Structures are given as C-alpha cells and as structure tokens.
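Text of structure_36.csv (CSV, C-alpha atoms) as supplied:
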```csv
chain,number,residue,atom,x,y,z
E,1,ASP,CA,79.0,0.4,74.5
E,2,ARG,CA,81.6,0.8,71.8
E,3,VAL,CA,80.6,4.4,71.1
E,4,ASN,CA,80.8,5.1,74.8
E,5,ARG,CA,84.2,3.5,75.2
E,6,ILE,CA,85.6,5.4,72.1
E,7,ALA,CA,84.2,8.7,73.3
E,8,TRP,CA,85.9,8.4,76.7
E,9,LEU,CA,89.1,7.1,75.0
E,10,ALA,CA,89.1,10.1,72.8
E,11,CYS,CA,88.6,12.3,75.8
E,12,ALA,CA,91.6,10.7,77.6
E,13,PHE,CA,93.7,11.1,74.5
E,14,ASN,CA,92.8,14.8,74.1
E,15,PHE,CA,93.4,15.3,77.9
E,16,PHE,CA,96.9,13.9,77.5
E,17,PHE,CA,97.7,16.3,74.7
E,18,PHE,CA,96.1,19.2,76.7
E,19,ILE,CA,98.5,18.4,79.6
E,20,VAL,CA,101.6,18.2,77.3
E,21,THR,CA,100.8,21.4,75.4
E,22,THR,CA,100.0,23.3,78.6
E,23,ILE,CA,103.3,22.3,80.1
E,24,ILE,CA,105.2,23.3,77.0
E,25,SER,CA,103.3,26.6,76.8
E,26,PHE,CA,104.0,27.5,80.4
E,27,LEU,CA,107.7,26.3,80.5
E,28,TRP,CA,108.9,27.1,77.0
E,29,GLY,CA,106.3,29.5,75.5
E,30,ASN,CA,108.7,32.5,75.4
E,31,GLY,CA,111.2,30.4,73.4
E,32,LEU,CA,108.5,29.2,71.0
E,33,VAL,CA,107.3,32.7,70.3
E,34,GLY,CA,111.0,33.6,69.8
E,35,ILE,CA,111.2,31.3,66.8
E,36,PHE,CA,108.9,33.8,65.0
E,37,ASP,CA,110.0,37.2,66.5
E,38,SER,CA,113.0,38.2,68.6
E,39,ASP,CA,111.4,41.4,70.0
E,40,PRO,CA,111.2,40.9,73.8
E,41,GLN,CA,107.8,42.6,74.1
E,42,VAL,CA,106.4,40.4,71.3
E,43,ARG,CA,107.8,37.3,73.1
E,44,GLU,CA,106.3,38.3,76.4
E,45,TRP,CA,102.9,39.0,75.0
E,46,GLY,CA,103.0,35.8,72.9
E,47,HIS,CA,104.0,33.8,75.9
E,48,GLN,CA,101.1,35.2,78.0
E,49,TYR,CA,98.7,34.4,75.1
E,50,LEU,CA,100.0,30.9,74.9
E,51,MET,CA,99.5,30.3,78.6
E,52,ILE,CA,96.0,31.7,78.5
E,53,LEU,CA,95.2,29.8,75.4
E,54,SER,CA,96.6,26.5,76.7
E,55,VAL,CA,94.3,26.8,79.8
E,56,SER,CA,91.3,27.2,77.4
E,57,MET,CA,92.2,24.0,75.7
E,58,PHE,CA,90.6,22.1,78.6
E,59,GLY,CA,87.2,23.0,77.0
E,60,HIS,CA,88.4,21.6,73.7
E,61,VAL,CA,89.1,18.3,75.4
E,62,PHE,CA,85.4,17.8,75.9
E,63,PHE,CA,84.3,19.6,72.7
E,64,CYS,CA,86.4,17.5,70.4
E,65,SER,CA,85.6,14.2,72.1
E,66,PHE,CA,81.9,14.6,72.5
E,67,ASN,CA,81.2,16.7,69.4
E,68,ALA,CA,82.4,13.7,67.4
E,69,THR,CA,79.7,11.6,69.1
E,70,SER,CA,77.0,14.2,68.2
E,71,LEU,CA,78.1,14.3,64.6
E,72,GLY,CA,78.5,10.5,64.5
E,73,VAL,CA,74.8,10.0,65.4
E,74,GLY,CA,73.8,12.7,62.8
E,75,ASN,CA,73.1,15.6,65.1
E,76,ALA,CA,74.8,18.3,63.1
E,77,VAL,CA,72.4,20.9,64.5
E,78,LEU,CA,73.8,20.6,68.0
E,79,SER,CA,77.3,21.0,66.7
E,80,THR,CA,76.4,24.0,64.6
E,81,VAL,CA,74.6,25.7,67.6
E,82,ALA,CA,77.5,25.0,69.9
E,83,SER,CA,80.0,26.3,67.4
E,84,VAL,CA,78.0,29.5,66.8
E,85,MET,CA,77.8,30.0,70.6
E,86,ASP,CA,81.5,29.6,70.8
E,87,GLY,CA,82.6,31.4,67.7
E,88,VAL,CA,80.2,34.3,67.6
E,89,VAL,CA,77.9,34.9,70.5
E,90,VAL,CA,80.2,34.2,73.6
E,91,ARG,CA,83.4,35.3,71.9
E,92,LEU,CA,82.1,38.6,70.6
E,93,ALA,CA,80.3,39.4,73.8
E,94,LEU,CA,83.4,38.7,75.9
E,95,CYS,CA,85.5,40.8,73.5
E,96,VAL,CA,83.1,43.8,73.8
E,97,LEU,CA,82.9,43.5,77.5
E,98,SER,CA,86.6,43.1,78.1
E,99,VAL,CA,87.5,46.1,75.9
E,100,TYR,CA,84.7,48.6,76.3
E,101,VAL,CA,83.3,47.8,79.8
E,102,PHE,CA,86.2,46.4,81.8
E,103,HIS,CA,89.0,48.1,79.8
E,104,TRP,CA,91.3,45.0,80.2
E,105,GLY,CA,93.1,45.7,76.9
E,106,LEU,CA,95.0,42.9,75.1
E,107,ILE,CA,94.9,40.5,78.1
E,108,GLY,CA,91.1,40.8,78.0
E,109,ILE,CA,91.1,39.9,74.4
E,110,PHE,CA,93.3,36.9,75.1
E,111,TRP,CA,90.8,35.7,77.7
E,112,ALA,CA,87.8,36.5,75.5
E,113,ASN,CA,89.3,34.4,72.8
E,114,SER,CA,90.0,31.5,75.1
E,115,ILE,CA,87.0,31.1,77.4
E,116,PRO,CA,84.3,30.3,74.7
E,117,ALA,CA,85.9,26.9,74.1
E,118,SER,CA,84.7,25.9,77.6
E,119,VAL,CA,81.1,26.9,76.7
E,120,ASN,CA,81.2,24.7,73.6
E,121,GLY,CA,82.8,21.9,75.5
E,122,ALA,CA,80.1,22.2,78.2
E,123,ILE,CA,77.3,22.1,75.7
E,124,GLN,CA,78.7,18.9,74.0
E,125,PHE,CA,79.6,17.2,77.3
E,126,GLY,CA,76.1,18.0,78.7
E,127,TYR,CA,74.5,16.5,75.6
E,128,TYR,CA,76.6,13.4,75.9
E,129,LEU,CA,75.9,13.0,79.6
E,130,SER,CA,72.2,13.4,79.0
E,131,GLY,CA,72.3,10.2,76.9
E,132,LYS,CA,70.0,11.7,74.2
E,133,TRP,CA,72.6,11.0,71.6
E,134,LYS,CA,71.8,7.2,72.1
E,135,THR,CA,68.3,7.8,70.7
E,136,TYR,CA,68.9,10.5,68.1
E,137,ARG,CA,68.2,9.3,64.5
E,138,ARG,CA,67.9,11.4,61.3
E,139,GLY,CA,67.0,14.6,63.0
E,140,VAL,CA,64.4,13.3,65.5
E,141,LEU,CA,64.5,11.5,68.8
E,142,LYS,CA,63.1,7.9,68.8
E,143,GLY,CA,59.6,8.0,70.3
E,144,ALA,CA,59.1,11.7,69.3
E,145,GLU,CA,58.3,10.6,65.7
E,146,SER,CA,54.7,9.7,66.7
E,147,ALA,CA,54.2,12.6,69.0
```
Would you mind giving the structure from this file in structure tokens?
Amino acid sequence: DRVNRIAWLACAFNFFFFIVTTIISFLWGNGLVGIFDSDPQVREWGHQYLMILSVSMFGHVFFCSFNATSLGVGNAVLSTVASVMDGVVVRLALCVLSVYVFHWGLIGIFWANSIPASVNGAIQFGYYLSGKWKTYRRGVLKGAESA
C-alpha cells in the first residue's frame, strides 16, 4: 500500500510541475529563449520547441513516477528496455521519418524528439497497472522460480 501511495503521489507531484512548466513555456517561452539569444528567429524557433517539448513532458509524468517503482523492486531490465525504446528506437525512427519521408524539417525534429517520452511513459505505466511489480524479486517473478 505504501509503494502504491508513493507512486501516485509522485505522479501527482510530477503532474503539477508539468502544468506549471507547460504554462510558462506557452506564455513566456519567447522571453525565456531571449535570455540566451536576442535574434528574433532564434527566439521564435526556441519558443516553438519549448511548447512542443512541454507537451511531451506529459509522458515524463508517468515515466518518472512509475520507472522509480520498477527500479525500486529491482527491475532494471524494464527500465533499460523502455529507455532504449525512448532514446534510440522510437526517437531515431521518428527523426528519419520526419526528415526523409515527410519532409517536416526542424518542426518534425522537434516532435520526433518529444514524442518518445510518451512511449517510455506508457511502457512504465502499463507495467505498473499490470501489478507485476508487486511480485518481481531479484530478476524473476514469484511463482515462476519453480516453473
């Protein structure tokens, strides 16, 4: 019960910061980018990227909250697989598709860099909802040791 309560509390905490950073990115993103570069084109592209990236943080709400549960029970394999899916497989595939197939340019790269977080979050959230984390011990599921 305690792990379940903490996982959902972490999710609520992460969701709060997702909302705050999304609002800041949408309302003041141009000014934030302006701290680093005064070029209007750079500020516009940077603001667009912040808006797209902030939307992708919704996937991180679930990834960060429920990945900690996976790691806490010792399932580092799931975390590794989900991170490879996010960081390599999905991200590279979307980058290649957005540039070479759909010709979306820089905006396509922005989206291709943002969407994979949702894949990782969905993997971790699905594992959490399955309840298998409750029986995972030292790399094997309870009951599967004798099988």
Q. Nearest to Val88 in chain E among E:Ile107, E:Ala12, E:Val101, E:Ala117, with distances taken over only C-alpha atoms: which residue is it?
A.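 Between E:Ile107, E:Ala12, E:Val101, E:Ala117, the residue approaching Val88 in chain E most closely is E:Ala117.
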Q) CA of Phe26 in chain E to CA of Met51 in chain E: how many Å, to one decimal? A) 5.6 Å
Q. Neighbours of Gln124 in chain E within 6 Å (all atoms listed in the file; same-chain residues fewer than 5 positions away dropped), as a count of residues only?
A. 3
Q.
Let me make sure I understand: among E:Gly46, E:Gly31, E:Pro116, E:Pro40, which one has the smallest atom-to-atom distance to Ser83 in chain E if we use all atoms listed in the file?
A. E:Pro116
Q) Taking into account all atoms listed in the file, which residue in the set E:Leu32, E:Glu44, E:Met57, E:Arg2 is nearest to Val20 in chain E? A)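 Using all atoms listed in the file, the shortest distance to Val20 in chain E belongs to E:Met57.
Using all atoms listed in the file, the nearest neighbour of Ile19 in chain E within the list E:Leu94, E:Leu129, E:Leu106, E:Val55 is E:Val55.
Compared by their closest atoms to Asn113 in chain E, and using all atoms listed in the file, the residues E:Ser65, E:Ser130, E:Gln41, E:Leu50 rank with E:Leu50 nearest.
Here the question is which of E:Val33, E:Val42, E:Cys11, E:Met85 gets nearest to Val119 in chain E using all atoms listed in the file, and that residue is E:Met85.
Straight-line separation from CA of Phe110 in chain E to CA of Phe16 in chain E: 23.4 Å.
CA of Thr21 in chain E to CA of Asn120 in chain E spans 20.0 Å [interatomic distance, one decimal].
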Q) Need the neighbours of (86.9, 13.9, 76.9): which residues are at most 12 Å away, counting all atoms listed in the file, as a VMD selection string? A) chain E and resid 4 to 18 57 to 69 121 to 122 124 to 126 128 to 129
Q: May I have the residues at most 9 Å from (100.8, 28.7, 78.8) in the file's coordinates, counting all atoms listed in the file, as a PyMOL selection string?
A: chain E and resi 21-29+47-55
